[in-house]
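Participant: The structure follows.
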Amino acid sequence: MFLLMSLGFRGIAESGHHEHHGHHGHEASKSKPVESSLKGESLYHLNGYWKSATGKVFDLKSLKGQFVILTMAYTRCKASCPLVVAKLKELESAFKKAGISDFKIVMASFDPKFDTPERLTQFLKERKLDAQRWALLSPKSDRDVREMAAAIGIVYSSDKDQEFSHSNVIALLDTNGVQISSLNGLAAGHEDFIKSAKKEIDAD
Amino acid sequence: MNSQLRKFLIFSLLALAPFGGWGDLPKGDTVLIPAGKLNPFWTRPKKETDKLDPIQLDSFRMMIYPVTNRDFSKFLRQRPDWQKSKARRIFSDQHYLSHFNEKNQLKDKGQANAPVTFVSWFAARDYCESLGMRLPTLSEWEYVAAANETLVDATKDADFLANILKWYSQPESKNGLAPVGKRKANFFGVHDLHGLVWEWVDDFNSNLITGESRSDGGLDRNLFCGAGGMSGTDKENYAAFMRFAFRSALKGSSTTWNLGFRCVKGVSN
């Protein structure tokens, strides 16, 4: 009987029916409950591994308590990506003009290979971005990128030259990390963002 | 309970399952897909004059059937965080497991051997990882799904394509979905890639297509950054194009009545 069971176990294990834990390092924490204070819709439940431009591990939950303008891009992009930064700058001044001061601009990179914290620091300088306001995030692996893109609704792929093609979606997150509005395409106006943010503030 | 004993009990149960009448098909079984080449018909070269290199796929093992409702019920017991009432909305939309009740039981017991649907990409991915597996890449899935019963690549076979398109146009049946494994296996020995449910792939969100720009191949620069985008160099494969359009409309949290998944694992050489 025992032999039969162990044989059965082997057969089933081969067919993929055995449990497998923690083979991906940072995923092991996935099954643990995340802070219950976060709403279920919050993007901050994602536990991808990101680093800030300073090289420190960046916990998305640390963004709680303020509005976040979030997009994904990569710094080597020559096509429309300078336009992405321009659009984010436009949003930055529009928010300030509307009297909203408590917000961060987060640009998460598609590119785990080239967009290292060092490169992102350089990019902040080159583009004269306020490091207090802007958080540029460096992913550890494509898995982290794929996950965030899947959550926001961004479509992307990379080619053999390590160039990324991606949709330009900018998300507005409320103080809980819940996506309350999004701009699809850089031609979209920012009135909805301001309106959504104002509505949240008035509701408080 | 010590973990050794718990493992023993779990595996004893699994080992006895075939005699206990749990089900008629070993659902987690995989089949070897040999290494091969795939023509990336969904992309276009950066320059019109460039030729597209075929995608080289390493061999891997793929589940013979899509994951069933019964399989997924077991997973729900192991992973309470994926139970209907507990799953977080960022990982699964409000339709998640619509066909299960609040006690995490299948509403229609007759659907136990049908493919699980109303599952998000995040849920599917965690399911596969709980077995030490992963979701197939889009290339892997399309490669295996291009085969009919006799050909590795049946994408030039008019009947094969017509049947797929016919299935795509069928509305939801009131009787639910058919059990897995009722159709003939394809060339690789894999069942139900067409005709039953659509399936998640790991990089489902990797195709850039827009309604307006697909005819001329030029993408709206405001919407998209970069050169890649679906052009449909293989216009005859309209069925594949529909799959790409469907996938591009999904978010990782999306769930629908006809979207399921299966898992694969790499083969160490």
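Here, A, B, ... name the chains of the structure tokens in the order displayed, residue numbers run from 1 inside each chain, and ligands are numbered from 1 in the same displayed order.
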Determine which residues of segment 70-99 of chain B DSSP labels as helix (DSSP H, G or I) from the backbone of this structure, then write them out as a list of chain:residue names.
Facilitator: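 Here is the list: B:Arg70, B:Asp71, B:Phe72, B:Ser73, B:Lys74, B:Phe75, B:Leu76, B:Arg77, B:Gln78, B:Pro80, B:Asp81, B:Trp82.
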Participant: Could you please take those selected residues and save N, CA and C atoms as an mmCIF file, in the first residue's frame?
Facilitator:
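Okay, again_3.cif is ready:
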```
data_model
loop_
_atom_site.group_PDB
_atom_site.id
_atom_site.type_symbol
_atom_site.label_atom_id
_atom_site.label_comp_id
_atom_site.auth_asym_id
_atom_site.auth_seq_id
_atom_site.Cartn_x
_atom_site.Cartn_y
_atom_site.Cartn_z
ATOM 1 N N ARG B 70 -13.000 21.562 -11.646
ATOM 2 C CA ARG B 70 -12.623 20.696 -10.521
ATOM 3 C C ARG B 70 -11.194 21.004 -10.071
ATOM 4 N N ASP B 71 -10.295 21.116 -11.042
ATOM 5 C CA ASP B 71 -8.903 21.462 -10.714
ATOM 6 C C ASP B 71 -8.846 22.777 -9.935
ATOM 7 N N PHE B 72 -9.609 23.746 -10.421
ATOM 8 C CA PHE B 72 -9.521 25.072 -9.812
ATOM 9 C C PHE B 72 -10.134 25.080 -8.410
ATOM 10 N N SER B 73 -11.148 24.223 -8.193
ATOM 11 C CA SER B 73 -11.734 24.119 -6.850
ATOM 12 C C SER B 73 -10.692 23.675 -5.834
ATOM 13 N N LYS B 74 -9.839 22.739 -6.256
ATOM 14 C CA LYS B 74 -8.774 22.249 -5.367
ATOM 15 C C LYS B 74 -7.821 23.386 -5.019
ATOM 16 N N PHE B 75 -7.494 24.160 -6.037
ATOM 17 C CA PHE B 75 -6.595 25.300 -5.849
ATOM 18 C C PHE B 75 -7.198 26.284 -4.838
ATOM 19 N N LEU B 76 -8.500 26.497 -4.916
ATOM 20 C CA LEU B 76 -9.162 27.439 -4.001
ATOM 21 C C LEU B 76 -9.044 26.993 -2.551
ATOM 22 N N ARG B 77 -8.984 25.678 -2.351
ATOM 23 C CA ARG B 77 -8.818 25.188 -0.981
ATOM 24 C C ARG B 77 -7.398 25.447 -0.485
ATOM 25 N N GLN B 78 -6.432 25.344 -1.411
ATOM 26 C CA GLN B 78 -5.033 25.609 -1.026
ATOM 27 C C GLN B 78 -4.755 27.097 -0.867
ATOM 28 N N PRO B 80 -6.758 30.236 -0.107
ATOM 29 C CA PRO B 80 -7.969 30.976 0.267
ATOM 30 C C PRO B 80 -7.973 32.409 -0.262
ATOM 31 N N ASP B 81 -6.769 32.976 -0.467
ATOM 32 C CA ASP B 81 -6.730 34.358 -0.953
ATOM 33 C C ASP B 81 -7.318 34.487 -2.358
ATOM 34 N N TRP B 82 -7.483 33.340 -3.057
ATOM 35 C CA TRP B 82 -8.101 33.373 -4.384
ATOM 36 C C TRP B 82 -9.572 32.985 -4.355
#
```
Participant: Residues of segment 59-112 of chain A in strand (DSSP E) according to DSSP, as a PDB file with N, CA and C atoms, in the first residue's frame?
Facilitator:
```pdb
ATOM      1  N   PHE A  67      -2.147  61.824  -4.229  1.00  0.00           N
ATOM      2  CA  PHE A  67      -2.487  61.436  -5.598  1.00  0.00           C
ATOM      3  C   PHE A  67      -1.222  60.988  -6.315  1.00  0.00           C
ATOM      4  N   VAL A  68      -1.398  60.066  -7.241  1.00  0.00           N
ATOM      5  CA  VAL A  68      -0.240  59.619  -8.021  1.00  0.00           C
ATOM      6  C   VAL A  68      -0.602  59.616  -9.505  1.00  0.00           C
ATOM      7  N   ILE A  69       0.242  60.279 -10.271  1.00  0.00           N
ATOM      8  CA  ILE A  69       0.118  60.236 -11.732  1.00  0.00           C
ATOM      9  C   ILE A  69       1.141  59.208 -12.193  1.00  0.00           C
ATOM     10  N   LEU A  70       0.624  58.094 -12.726  1.00  0.00           N
ATOM     11  CA  LEU A  70       1.499  56.947 -12.994  1.00  0.00           C
ATOM     12  C   LEU A  70       1.517  56.575 -14.467  1.00  0.00           C
ATOM     13  N   THR A  71       2.715  56.382 -14.987  1.00  0.00           N
ATOM     14  CA  THR A  71       2.807  55.840 -16.341  1.00  0.00           C
ATOM     15  C   THR A  71       4.020  54.930 -16.452  1.00  0.00           C
ATOM     16  N   MET A  72       4.115  54.271 -17.590  1.00  0.00           N
ATOM     17  CA  MET A  72       5.267  53.422 -17.839  1.00  0.00           C
ATOM     18  C   MET A  72       5.946  53.867 -19.128  1.00  0.00           C
ATOM     19  N   ALA A  73       7.271  53.884 -19.115  1.00  0.00           N
ATOM     20  CA  ALA A  73       8.037  54.328 -20.275  1.00  0.00           C
ATOM     21  C   ALA A  73       9.434  53.738 -20.152  1.00  0.00           C
ATOM     22  N   PHE A 103       0.782  65.480  -4.529  1.00  0.00           N
ATOM     23  CA  PHE A 103       0.774  64.424  -5.543  1.00  0.00           C
ATOM     24  C   PHE A 103       2.187  64.082  -5.984  1.00  0.00           C
ATOM     25  N   LYS A 104       2.330  62.856  -6.488  1.00  0.00           N
ATOM     26  CA  LYS A 104       3.610  62.379  -7.016  1.00  0.00           C
ATOM     27  C   LYS A 104       3.442  61.967  -8.461  1.00  0.00           C
ATOM     28  N   ILE A 105       4.530  62.081  -9.213  1.00  0.00           N
ATOM     29  CA  ILE A 105       4.525  61.587 -10.585  1.00  0.00           C
ATOM     30  C   ILE A 105       5.452  60.378 -10.632  1.00  0.00           C
ATOM     31  N   VAL A 106       4.905  59.257 -11.036  1.00  0.00           N
ATOM     32  CA  VAL A 106       5.691  58.020 -11.025  1.00  0.00           C
ATOM     33  C   VAL A 106       5.804  57.470 -12.448  1.00  0.00           C
ATOM     34  N   MET A 107       7.041  57.258 -12.864  1.00  0.00           N
ATOM     35  CA  MET A 107       7.291  56.679 -14.171  1.00  0.00           C
ATOM     36  C   MET A 107       8.029  55.360 -13.963  1.00  0.00           C
ATOM     37  N   ALA A 108       7.316  54.266 -14.214  1.00  0.00           N
ATOM     38  CA  ALA A 108       7.916  52.943 -14.030  1.00  0.00           C
ATOM     39  C   ALA A 108       8.485  52.484 -15.359  1.00  0.00           C
ATOM     40  N   SER A 109       9.705  51.988 -15.329  1.00  0.00           N
ATOM     41  CA  SER A 109      10.372  51.628 -16.585  1.00  0.00           C
ATOM     42  C   SER A 109      10.009  50.233 -17.069  1.00  0.00           C
TER      43      SER A 109
END
```
Participant: Which residues, written as a ChimeraX atom specification, have at least one atom at most 7 Å from segment 90-94 of chain A, with only C-alpha atoms counted and residues fewer than 4 positions away on the same chain left out?
Facilitator: /A:86,98,190
Participant: Next, write the just-selected residues to a file, as a PDB file, in the first residue's frame, keeping N, CA, C and O atoms as the atom set.
Facilitator:
```pdb
ATOM      1  N   ALA A  86       6.930  65.300 -21.537  1.00  0.00           N
ATOM      2  CA  ALA A  86       6.300  66.603 -21.729  1.00  0.00           C
ATOM      3  C   ALA A  86       4.866  66.588 -21.204  1.00  0.00           C
ATOM      4  O   ALA A  86       4.420  67.534 -20.545  1.00  0.00           O
ATOM      5  N   ALA A  98      -4.260  74.095 -10.329  1.00  0.00           N
ATOM      6  CA  ALA A  98      -5.586  73.805  -9.772  1.00  0.00           C
ATOM      7  C   ALA A  98      -5.559  73.763  -8.243  1.00  0.00           C
ATOM      8  O   ALA A  98      -6.562  73.446  -7.609  1.00  0.00           O
ATOM      9  N   HIS A 190      -6.264  66.898 -20.150  1.00  0.00           N
ATOM     10  CA  HIS A 190      -6.105  66.495 -18.751  1.00  0.00           C
ATOM     11  C   HIS A 190      -7.252  66.953 -17.852  1.00  0.00           C
ATOM     12  O   HIS A 190      -7.186  66.831 -16.643  1.00  0.00           O
TER      13      HIS A 190
END
```
Participant: Could you check the closest approach to Ala203 of chain A for each of A:Gly55, A:Asp174, A:Lys87, A:Ala149 and tell me which residue wins, using only C-alpha atoms?
Facilitator: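 Closest to Ala203 of chain A, using only C-alpha atoms: A:Asp174.
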Participant: What does the distance between atom CA of Lys37 of chain B and atom CA of Trp141 of chain B come to in Å, to one decimal place?
Facilitator: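 Answer for the atom CA of Lys37 of chain B to atom CA of Trp141 of chain B separation: 12.5 Å.
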Participant: Which residue is closest to chain B? Choose from A:Ser158, A:Ser62, A:Ser101, A:Thr121 and count only C-alpha atoms.
Facilitator: A:Ser158
Participant: Extract, using only C-alpha atoms, all DNA, RNA and protein residues at most 8 Å from segment 153-170 of chain B, discarding same-chain residues fewer than 5 positions from it, and format them as a PDB file with all heavy atoms, in the first residue's frame.
Facilitator:
```pdb
ATOM      1  N   TYR B 143       1.919  28.657 -31.410  1.00  0.00           N
ATOM      2  CA  TYR B 143       2.643  27.580 -32.096  1.00  0.00           C
ATOM      3  C   TYR B 143       1.872  26.262 -31.998  1.00  0.00           C
ATOM      4  O   TYR B 143       1.640  25.591 -33.013  1.00  0.00           O
ATOM      5  CB  TYR B 143       4.039  27.432 -31.476  1.00  0.00           C
ATOM      6  CG  TYR B 143       4.859  26.302 -32.057  1.00  0.00           C
ATOM      7  CD1 TYR B 143       5.273  26.336 -33.388  1.00  0.00           C
ATOM      8  CD2 TYR B 143       5.212  25.203 -31.283  1.00  0.00           C
ATOM      9  CE1 TYR B 143       6.023  25.297 -33.919  1.00  0.00           C
ATOM     10  CE2 TYR B 143       5.966  24.162 -31.804  1.00  0.00           C
ATOM     11  CZ  TYR B 143       6.369  24.209 -33.131  1.00  0.00           C
ATOM     12  OH  TYR B 143       7.100  23.188 -33.659  1.00  0.00           O
ATOM     13  N   ALA B 146      -1.568  26.250 -33.776  1.00  0.00           N
ATOM     14  CA  ALA B 146      -1.566  26.307 -35.242  1.00  0.00           C
ATOM     15  C   ALA B 146      -1.721  24.921 -35.852  1.00  0.00           C
ATOM     16  O   ALA B 146      -1.956  24.776 -37.052  1.00  0.00           O
ATOM     17  CB  ALA B 146      -0.275  26.954 -35.740  1.00  0.00           C
ATOM     18  N   ALA B 147      -1.583  23.902 -35.003  1.00  0.00           N
ATOM     19  CA  ALA B 147      -1.637  22.522 -35.520  1.00  0.00           C
ATOM     20  C   ALA B 147      -3.077  22.015 -35.591  1.00  0.00           C
ATOM     21  O   ALA B 147      -3.885  22.300 -34.715  1.00  0.00           O
ATOM     22  CB  ALA B 147      -0.828  21.609 -34.598  1.00  0.00           C
ATOM     23  N   ASN B 148      -3.364  21.281 -36.636  1.00  0.00           N
ATOM     24  CA  ASN B 148      -4.615  20.508 -36.632  1.00  0.00           C
ATOM     25  C   ASN B 148      -4.254  19.050 -36.311  1.00  0.00           C
ATOM     26  O   ASN B 148      -3.172  18.789 -35.783  1.00  0.00           O
ATOM     27  CB  ASN B 148      -5.379  20.669 -37.956  1.00  0.00           C
ATOM     28  CG  ASN B 148      -4.633  20.093 -39.159  1.00  0.00           C
ATOM     29  OD1 ASN B 148      -3.584  19.467 -39.001  1.00  0.00           O
ATOM     30  ND2 ASN B 148      -5.173  20.302 -40.338  1.00  0.00           N
ATOM     31  N   HIS B 194      -8.890  24.967 -29.532  1.00  0.00           N
ATOM     32  CA  HIS B 194      -9.968  25.684 -30.215  1.00  0.00           C
ATOM     33  C   HIS B 194     -11.284  24.974 -29.936  1.00  0.00           C
ATOM     34  O   HIS B 194     -11.319  23.783 -29.692  1.00  0.00           O
ATOM     35  CB  HIS B 194      -9.729  25.698 -31.736  1.00  0.00           C
ATOM     36  CG  HIS B 194      -8.405  26.252 -32.131  1.00  0.00           C
ATOM     37  ND1 HIS B 194      -8.100  27.587 -32.001  1.00  0.00           N
ATOM     38  CD2 HIS B 194      -7.294  25.653 -32.628  1.00  0.00           C
ATOM     39  CE1 HIS B 194      -6.856  27.785 -32.418  1.00  0.00           C
ATOM     40  NE2 HIS B 194      -6.344  26.626 -32.794  1.00  0.00           N
ATOM     41  N   GLY B 195     -12.349  25.706 -29.982  1.00  0.00           N
ATOM     42  CA  GLY B 195     -13.670  25.090 -29.934  1.00  0.00           C
ATOM     43  C   GLY B 195     -14.316  25.039 -28.567  1.00  0.00           C
ATOM     44  O   GLY B 195     -15.483  24.687 -28.444  1.00  0.00           O
ATOM     45  N   GLU B 236      -4.732  36.044 -44.268  1.00  0.00           N
ATOM     46  CA  GLU B 236      -5.650  34.903 -44.307  1.00  0.00           C
ATOM     47  C   GLU B 236      -5.956  34.386 -42.916  1.00  0.00           C
ATOM     48  O   GLU B 236      -6.996  33.810 -42.671  1.00  0.00           O
ATOM     49  CB  GLU B 236      -5.030  33.754 -45.121  1.00  0.00           C
ATOM     50  CG  GLU B 236      -5.037  33.991 -46.614  1.00  0.00           C
ATOM     51  CD  GLU B 236      -3.810  33.391 -47.265  1.00  0.00           C
ATOM     52  OE1 GLU B 236      -3.485  32.232 -46.956  1.00  0.00           O
ATOM     53  OE2 GLU B 236      -3.169  34.096 -48.051  1.00  0.00           O
ATOM     54  N   ASN B 237      -5.008  34.603 -42.020  1.00  0.00           N
ATOM     55  CA  ASN B 237      -5.219  34.061 -40.687  1.00  0.00           C
ATOM     56  C   ASN B 237      -6.061  35.018 -39.851  1.00  0.00           C
ATOM     57  O   ASN B 237      -5.633  35.538 -38.834  1.00  0.00           O
ATOM     58  CB  ASN B 237      -3.880  33.768 -40.014  1.00  0.00           C
ATOM     59  CG  ASN B 237      -4.045  32.777 -38.879  1.00  0.00           C
ATOM     60  OD1 ASN B 237      -5.160  32.518 -38.433  1.00  0.00           O
ATOM     61  ND2 ASN B 237      -2.943  32.236 -38.415  1.00  0.00           N
ATOM     62  N   ALA B 239      -8.563  34.334 -38.075  1.00  0.00           N
ATOM     63  CA  ALA B 239      -8.872  33.757 -36.764  1.00  0.00           C
ATOM     64  C   ALA B 239      -7.841  34.195 -35.732  1.00  0.00           C
ATOM     65  O   ALA B 239      -8.184  34.607 -34.623  1.00  0.00           O
ATOM     66  CB  ALA B 239      -8.908  32.232 -36.852  1.00  0.00           C
TER      67      ALA B 239
END
```
Participant: Can you pull out the residues contacting Val116 of chain B? Cut-off 12 Å, using only C-alpha atoms, and skip same-chain residues under 5 positions away; I want them as a PDB file with N, CA and C atoms, in the first residue's frame.
Facilitator:
```
ATOM      1  N   LYS B  27      -6.107  15.508 -15.113  1.00  0.00           N
ATOM      2  CA  LYS B  27      -6.148  16.828 -15.719  1.00  0.00           C
ATOM      3  C   LYS B  27      -4.806  17.542 -15.819  1.00  0.00           C
ATOM      4  N   TYR B  65      -5.079  19.285 -21.474  1.00  0.00           N
ATOM      5  CA  TYR B  65      -6.407  19.893 -21.401  1.00  0.00           C
ATOM      6  C   TYR B  65      -6.330  21.247 -20.702  1.00  0.00           C
ATOM      7  N   PRO B  66      -7.309  22.089 -20.964  1.00  0.00           N
ATOM      8  CA  PRO B  66      -7.383  23.318 -20.155  1.00  0.00           C
ATOM      9  C   PRO B  66      -7.654  22.938 -18.692  1.00  0.00           C
ATOM     10  N   VAL B  67      -7.289  23.792 -17.779  1.00  0.00           N
ATOM     11  CA  VAL B  67      -7.575  23.581 -16.350  1.00  0.00           C
ATOM     12  C   VAL B  67      -9.098  23.558 -16.166  1.00  0.00           C
ATOM     13  N   THR B  68      -9.589  22.574 -15.423  1.00  0.00           N
ATOM     14  CA  THR B  68     -11.048  22.427 -15.265  1.00  0.00           C
ATOM     15  C   THR B  68     -11.553  23.097 -13.986  1.00  0.00           C
ATOM     16  N   ASN B  69     -12.851  23.192 -13.875  1.00  0.00           N
ATOM     17  CA  ASN B  69     -13.466  23.722 -12.655  1.00  0.00           C
ATOM     18  C   ASN B  69     -13.079  22.887 -11.439  1.00  0.00           C
ATOM     19  N   ARG B  70     -13.000  21.562 -11.646  1.00  0.00           N
ATOM     20  CA  ARG B  70     -12.623  20.696 -10.521  1.00  0.00           C
ATOM     21  C   ARG B  70     -11.194  21.004 -10.071  1.00  0.00           C
ATOM     22  N   ASP B  71     -10.295  21.116 -11.042  1.00  0.00           N
ATOM     23  CA  ASP B  71      -8.903  21.462 -10.714  1.00  0.00           C
ATOM     24  C   ASP B  71      -8.846  22.777  -9.935  1.00  0.00           C
ATOM     25  N   PHE B  72      -9.609  23.746 -10.421  1.00  0.00           N
ATOM     26  CA  PHE B  72      -9.521  25.072  -9.812  1.00  0.00           C
ATOM     27  C   PHE B  72     -10.134  25.080  -8.410  1.00  0.00           C
ATOM     28  N   SER B  73     -11.148  24.223  -8.193  1.00  0.00           N
ATOM     29  CA  SER B  73     -11.734  24.119  -6.850  1.00  0.00           C
ATOM     30  C   SER B  73     -10.692  23.675  -5.834  1.00  0.00           C
ATOM     31  N   LYS B  74      -9.839  22.739  -6.256  1.00  0.00           N
ATOM     32  CA  LYS B  74      -8.774  22.249  -5.367  1.00  0.00           C
ATOM     33  C   LYS B  74      -7.821  23.386  -5.019  1.00  0.00           C
ATOM     34  N   PHE B  75      -7.494  24.160  -6.037  1.00  0.00           N
ATOM     35  CA  PHE B  75      -6.595  25.300  -5.849  1.00  0.00           C
ATOM     36  C   PHE B  75      -7.198  26.284  -4.838  1.00  0.00           C
ATOM     37  N   TYR B  96     -15.391  37.660 -11.387  1.00  0.00           N
ATOM     38  CA  TYR B  96     -14.516  36.540 -11.030  1.00  0.00           C
ATOM     39  C   TYR B  96     -15.313  35.380 -10.420  1.00  0.00           C
ATOM     40  N   LEU B  97     -15.144  34.195 -10.963  1.00  0.00           N
ATOM     41  CA  LEU B  97     -15.823  32.978 -10.505  1.00  0.00           C
ATOM     42  C   LEU B  97     -17.338  33.158 -10.378  1.00  0.00           C
ATOM     43  N   SER B  98     -17.921  33.799 -11.358  1.00  0.00           N
ATOM     44  CA  SER B  98     -19.378  34.001 -11.361  1.00  0.00           C
ATOM     45  C   SER B  98     -20.142  32.691 -11.272  1.00  0.00           C
ATOM     46  N   HIS B  99     -19.528  31.616 -11.732  1.00  0.00           N
ATOM     47  CA  HIS B  99     -20.222  30.327 -11.746  1.00  0.00           C
ATOM     48  C   HIS B  99     -19.986  29.520 -10.461  1.00  0.00           C
ATOM     49  N   PHE B 100     -19.370  30.134  -9.475  1.00  0.00           N
ATOM     50  CA  PHE B 100     -19.207  29.517  -8.156  1.00  0.00           C
ATOM     51  C   PHE B 100     -20.110  30.259  -7.176  1.00  0.00           C
ATOM     52  N   LEU B 106     -19.019  25.010  -7.093  1.00  0.00           N
ATOM     53  CA  LEU B 106     -19.554  25.175  -8.427  1.00  0.00           C
ATOM     54  C   LEU B 106     -21.083  25.191  -8.347  1.00  0.00           C
ATOM     55  N   GLN B 111     -20.690  20.909 -14.318  1.00  0.00           N
ATOM     56  CA  GLN B 111     -19.625  21.621 -15.015  1.00  0.00           C
ATOM     57  C   GLN B 111     -18.230  21.306 -14.473  1.00  0.00           C
ATOM     58  N   ALA B 123      -4.979  35.282 -11.487  1.00  0.00           N
ATOM     59  CA  ALA B 123      -5.368  34.012 -10.865  1.00  0.00           C
ATOM     60  C   ALA B 123      -4.766  32.834 -11.631  1.00  0.00           C
ATOM     61  N   ALA B 124      -4.837  32.909 -12.957  1.00  0.00           N
ATOM     62  CA  ALA B 124      -4.316  31.824 -13.794  1.00  0.00           C
ATOM     63  C   ALA B 124      -2.815  31.662 -13.563  1.00  0.00           C
ATOM     64  N   TYR B 127      -2.150  30.076 -10.253  1.00  0.00           N
ATOM     65  CA  TYR B 127      -2.502  28.658 -10.310  1.00  0.00           C
ATOM     66  C   TYR B 127      -1.328  27.866 -10.887  1.00  0.00           C
ATOM     67  N   GLY B 176     -24.065  25.761 -20.464  1.00  0.00           N
ATOM     68  CA  GLY B 176     -22.693  25.828 -19.970  1.00  0.00           C
ATOM     69  C   GLY B 176     -21.712  25.300 -21.002  1.00  0.00           C
ATOM     70  N   LEU B 177     -20.490  25.040 -20.546  1.00  0.00           N
ATOM     71  CA  LEU B 177     -19.435  24.593 -21.454  1.00  0.00           C
ATOM     72  C   LEU B 177     -19.333  23.070 -21.457  1.00  0.00           C
ATOM     73  N   ALA B 178     -18.873  22.529 -22.573  1.00  0.00           N
ATOM     74  CA  ALA B 178     -18.679  21.082 -22.683  1.00  0.00           C
ATOM     75  C   ALA B 178     -17.469  20.666 -21.844  1.00  0.00           C
ATOM     76  N   PRO B 179     -17.416  19.398 -21.434  1.00  0.00           N
ATOM     77  CA  PRO B 179     -16.236  18.916 -20.704  1.00  0.00           C
ATOM     78  C   PRO B 179     -14.996  18.977 -21.591  1.00  0.00           C
ATOM     79  N   VAL B 180     -13.831  19.025 -20.974  1.00  0.00           N
ATOM     80  CA  VAL B 180     -12.588  19.018 -21.766  1.00  0.00           C
ATOM     81  C   VAL B 180     -12.380  17.617 -22.349  1.00  0.00           C
ATOM     82  N   LEU B 196     -13.571  25.404 -27.521  1.00  0.00           N
ATOM     83  CA  LEU B 196     -14.148  25.314 -26.177  1.00  0.00           C
ATOM     84  C   LEU B 196     -14.052  26.636 -25.421  1.00  0.00           C
ATOM     85  N   VAL B 197     -12.836  27.084 -25.166  1.00  0.00           N
ATOM     86  CA  VAL B 197     -12.641  28.391 -24.510  1.00  0.00           C
ATOM     87  C   VAL B 197     -11.444  29.115 -25.126  1.00  0.00           C
ATOM     88  N   TRP B 198     -11.378  30.415 -24.922  1.00  0.00           N
ATOM     89  CA  TRP B 198     -10.171  31.184 -25.224  1.00  0.00           C
ATOM     90  C   TRP B 198      -9.234  30.983 -24.038  1.00  0.00           C
ATOM     91  N   GLU B 199      -7.951  31.193 -24.243  1.00  0.00           N
ATOM     92  CA  GLU B 199      -7.024  30.929 -23.146  1.00  0.00           C
ATOM     93  C   GLU B 199      -6.064  32.095 -22.887  1.00  0.00           C
ATOM     94  N   TRP B 200      -5.800  32.301 -21.612  1.00  0.00           N
ATOM     95  CA  TRP B 200      -4.818  33.306 -21.210  1.00  0.00           C
ATOM     96  C   TRP B 200      -3.418  32.899 -21.669  1.00  0.00           C
ATOM     97  N   THR B 255     -12.190  39.032 -16.418  1.00  0.00           N
ATOM     98  CA  THR B 255     -12.687  37.653 -16.437  1.00  0.00           C
ATOM     99  C   THR B 255     -13.902  37.602 -17.357  1.00  0.00           C
ATOM    100  N   THR B 256     -14.032  36.531 -18.125  1.00  0.00           N
ATOM    101  CA  THR B 256     -15.211  36.368 -18.978  1.00  0.00           C
ATOM    102  C   THR B 256     -15.662  34.906 -18.943  1.00  0.00           C
ATOM    103  N   TRP B 257     -16.860  34.661 -19.409  1.00  0.00           N
ATOM    104  CA  TRP B 257     -17.445  33.313 -19.361  1.00  0.00           C
ATOM    105  C   TRP B 257     -16.702  32.319 -20.240  1.00  0.00           C
ATOM    106  N   ASN B 258     -15.966  32.814 -21.236  1.00  0.00           N
ATOM    107  CA  ASN B 258     -15.329  31.891 -22.187  1.00  0.00           C
ATOM    108  C   ASN B 258     -13.807  31.978 -22.196  1.00  0.00           C
ATOM    109  N   LEU B 259     -13.239  32.540 -21.148  1.00  0.00           N
ATOM    110  CA  LEU B 259     -11.779  32.674 -21.102  1.00  0.00           C
ATOM    111  C   LEU B 259     -11.203  31.817 -19.976  1.00  0.00           C
ATOM    112  N   GLY B 260     -10.445  30.802 -20.349  1.00  0.00           N
ATOM    113  CA  GLY B 260      -9.804  29.925 -19.378  1.00  0.00           C
ATOM    114  C   GLY B 260      -8.293  29.933 -19.560  1.00  0.00           C
ATOM    115  N   PHE B 261      -7.646  28.846 -19.226  1.00  0.00           N
ATOM    116  CA  PHE B 261      -6.185  28.784 -19.374  1.00  0.00           C
ATOM    117  C   PHE B 261      -5.688  27.357 -19.202  1.00  0.00           C
ATOM    118  N   ARG B 262      -4.439  27.158 -19.566  1.00  0.00           N
ATOM    119  CA  ARG B 262      -3.715  25.925 -19.255  1.00  0.00           C
ATOM    120  C   ARG B 262      -2.283  26.332 -18.934  1.00  0.00           C
TER     121      ARG B 262
END
```
Participant: What does the distance from atom CA of Lys113 of chain A to atom CA of Pro139 of chain A come to in Å, to one decimal?
Facilitator: 8.6 Å
Participant: Counting only C-alpha atoms, which residue out of B:Leu131, B:Gln105, B:Phe118, B:Phe187 sits closest to Val264 of chain B?
Facilitator: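 Closest to Val264 of chain B, using only C-alpha atoms: B:Leu131.
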Participant: Between A:Lys140, A:Arg127, A:Arg133, A:His45, which is the closest to chain B once you count only C-alpha atoms?
Facilitator: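 Looking only at the distances to chain B, the closest residue turns out to be A:His45.
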Participant: How many Å lie between atom CA of Leu60 of chain A and atom CA of Leu46 of chain A, rounded to one decimal?
Facilitator: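 These atoms are spaced 7.7 Å apart.
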Participant: Using only C-alpha atoms, find the one residue out of B:Leu57, B:Ala114, B:Val119, B:Leu138 that sits nearest to Ser253 of chain B.
Facilitator: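 For Ser253 of chain B, the nearest of the candidates is B:Val119.
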Participant: Near Ala131 of chain A, counting only C-alpha atoms, which residues have an atom at most 9 Å away, once you skip same-chain residues fewer than 4 positions from it, shown as a VMD selection string?
Facilitator: chain A and resid 53 121 124 to 125 135 to 136
Participant: Using only C-alpha atoms, which residue out of A:Phe58, A:Tyr44, A:Phe193, A:Tyr74 lies closest to Phe110 of chain A?
Facilitator: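 Using only C-alpha atoms, the shortest distance to Phe110 of chain A belongs to A:Tyr74.
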